[in-house]
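Taking it in order: structure first as structure tokens, then the write-up.
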Amino acid sequence: MVFDIATVCAAGRAIVAENGLEERVTYVAGDLRRDPLPAGCDAVIECDVGVYEESLFGRVRDCLEPNGHFLIVDQLARAGGPPAHLAWAMLASLDDPAYVPDTAECVVELLQAAGFHSVSLGPIPLSAAGGPFSKGLCLVEARR
């Protein structure tokens with residue numbers, strides 16, 4: 001199941017249809033911050049979304065089955081390092097001069113505050129990208 005904005009769902013449905021996978025993938029259009037999340041999930045993957053809020057993480061936790069996994073894949077800055085998404089950080093700082101980008105460590109703390117346990121943080125090995133760590137891509141994994 002894919003839960004995303006309507007335009008992403010429409011594009012995904014077209015790709016799934018081209019590959020004859022309509023029976024295997026379901027798309028649910030919605031706003032991650034406002035709409036109810038699908039319930040009864042074994043795993044939730046958030047990839048390059050950039051929304052790191054304790055309230056959202058609590059909602060994700062509630063939609064997971066007991067011991068379910070929450071995986072976040074993103075270019076997350078490490079504490080003391082430069083922002084991973086320089087363009088996003090620049091735009092955000094134009095709106096709010098006091099803006100400070102979330103770090104990977106901050107995301108871990110937010111997950112723990114939302115009630116997740118077994119929270120781990122690490123790089124994603126991307127051998128095809130020329131090495132074990134590529135462009136700051138991190139994997140944060142947590143369990144309900």
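Identifiers for the structure tokens are assigned positionally: chains receive A, B, ... in sequence, residues are indexed from 1 per chain, and ligands are indexed from 1 in the order shown.
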Which residues, written as a list in words, have at least one atom at most 9 Å from region 45-50 of chain A, with only C-alpha atoms counted and residues fewer than 6 positions away on the same chain left out?
->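 Near region 45-50 of chain A, the qualifying residues are His69, Phe70, Leu71, Ile72, Val73, Asp74, Gln75, Leu76 and Asp102 of chain A.
On the backbone of this structure, DSSP gives strand (DSSP E) within region 3-113 of chain A to Phe3, Asp4, Tyr27, Val28, Ala29, Cys41, Asp42, Ala43, Val44, Ile45, Glu46, Cys47, Leu64, Glu65, Pro66, Asn67, Gly68, His69, Phe70, Leu71, Ile72, Val73, Asp74 and Gln75 of chain A.
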Write out as a VMD selection string which residues come within 12 Å of Phe3 (chain A) when counting only C-alpha atoms, dropping same-chain ones fewer than 2 positions away.
-> chain A and resid 1 5 to 10 12 to 13 25 to 33 35 to 39 41 44 to 47 49 60
Save out the residues we just selected, C-alpha atoms, as a PDB file, in the first residue's frame.
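For reference, part27.pdb as written:
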```
ATOM      1  CA  MET A   1       0.000   0.000   0.000  1.00  0.00           C
ATOM      2  CA  ILE A   5      -0.520  12.859  -2.311  1.00  0.00           C
ATOM      3  CA  ALA A   6      -2.972  12.376  -5.183  1.00  0.00           C
ATOM      4  CA  THR A   7      -0.517  13.198  -7.985  1.00  0.00           C
ATOM      5  CA  VAL A   8       2.007  10.632  -6.717  1.00  0.00           C
ATOM      6  CA  CYS A   9      -0.744   8.016  -6.422  1.00  0.00           C
ATOM      7  CA  ALA A  10      -1.910   8.714  -9.989  1.00  0.00           C
ATOM      8  CA  GLY A  12       2.167   5.200  -9.324  1.00  0.00           C
ATOM      9  CA  ARG A  13      -1.076   3.638 -10.546  1.00  0.00           C
ATOM     10  CA  VAL A  25      -0.200  -2.503  -5.058  1.00  0.00           C
ATOM     11  CA  THR A  26      -2.899  -0.276  -3.597  1.00  0.00           C
ATOM     12  CA  TYR A  27      -2.697   3.521  -3.575  1.00  0.00           C
ATOM     13  CA  VAL A  28      -4.402   5.677  -0.977  1.00  0.00           C
ATOM     14  CA  ALA A  29      -4.329   9.423  -1.599  1.00  0.00           C
ATOM     15  CA  GLY A  30      -4.033  11.651   1.416  1.00  0.00           C
ATOM     16  CA  ASP A  31      -2.158  14.314   3.309  1.00  0.00           C
ATOM     17  CA  LEU A  32       0.367  12.790   5.697  1.00  0.00           C
ATOM     18  CA  ARG A  33      -0.101  15.560   8.232  1.00  0.00           C
ATOM     19  CA  ASP A  35      -5.608  12.617   6.947  1.00  0.00           C
ATOM     20  CA  PRO A  36      -6.065   9.362   8.852  1.00  0.00           C
ATOM     21  CA  LEU A  37      -3.307   6.871   8.137  1.00  0.00           C
ATOM     22  CA  PRO A  38      -4.198   3.310   7.097  1.00  0.00           C
ATOM     23  CA  ALA A  39      -4.320   0.958  10.097  1.00  0.00           C
ATOM     24  CA  CYS A  41       0.406  -2.024   8.908  1.00  0.00           C
ATOM     25  CA  VAL A  44       5.787   1.919   7.262  1.00  0.00           C
ATOM     26  CA  ILE A  45       8.512   3.378   5.067  1.00  0.00           C
ATOM     27  CA  GLU A  46       8.995   7.129   4.846  1.00  0.00           C
ATOM     28  CA  CYS A  47      11.416   7.947   2.060  1.00  0.00           C
ATOM     29  CA  VAL A  49       9.597  13.043   2.992  1.00  0.00           C
ATOM     30  CA  VAL A  60       2.535   6.300  12.479  1.00  0.00           C
TER      31      VAL A  60
END
```
Give me, please, the distance in Å between CA of Phe116 (chain A) and CA of Phe57 (chain A), quoted to one decimal.
->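 Separating CA of Phe116 (chain A) from CA of Phe57 (chain A) is a distance of 8.6 Å.
Straight-line separation from CA of Asp96 (chain A) to CA of Gly58 (chain A): 25.7 Å.
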Interatomic distance, CA of Leu56 (chain A) to CA of Leu137 (chain A) (Å, one decimal) |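 It comes out at 21.4 Å.
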Going by DSSP on the backbone, which bits of region 2-143 of chain A are alpha helix (DSSP H)? Write them as a VMD selection string, please.
-> chain A and resid 6 to 18 54 to 63 86 to 95 104 to 113
If you count only C-alpha atoms, which residues fall within 12 Å of His117 (chain A), apart from same-chain ones fewer than 2 positions away, as a PyMOL selection string?
-> chain A and resi 61+66-70+108-115+119-120+140-144
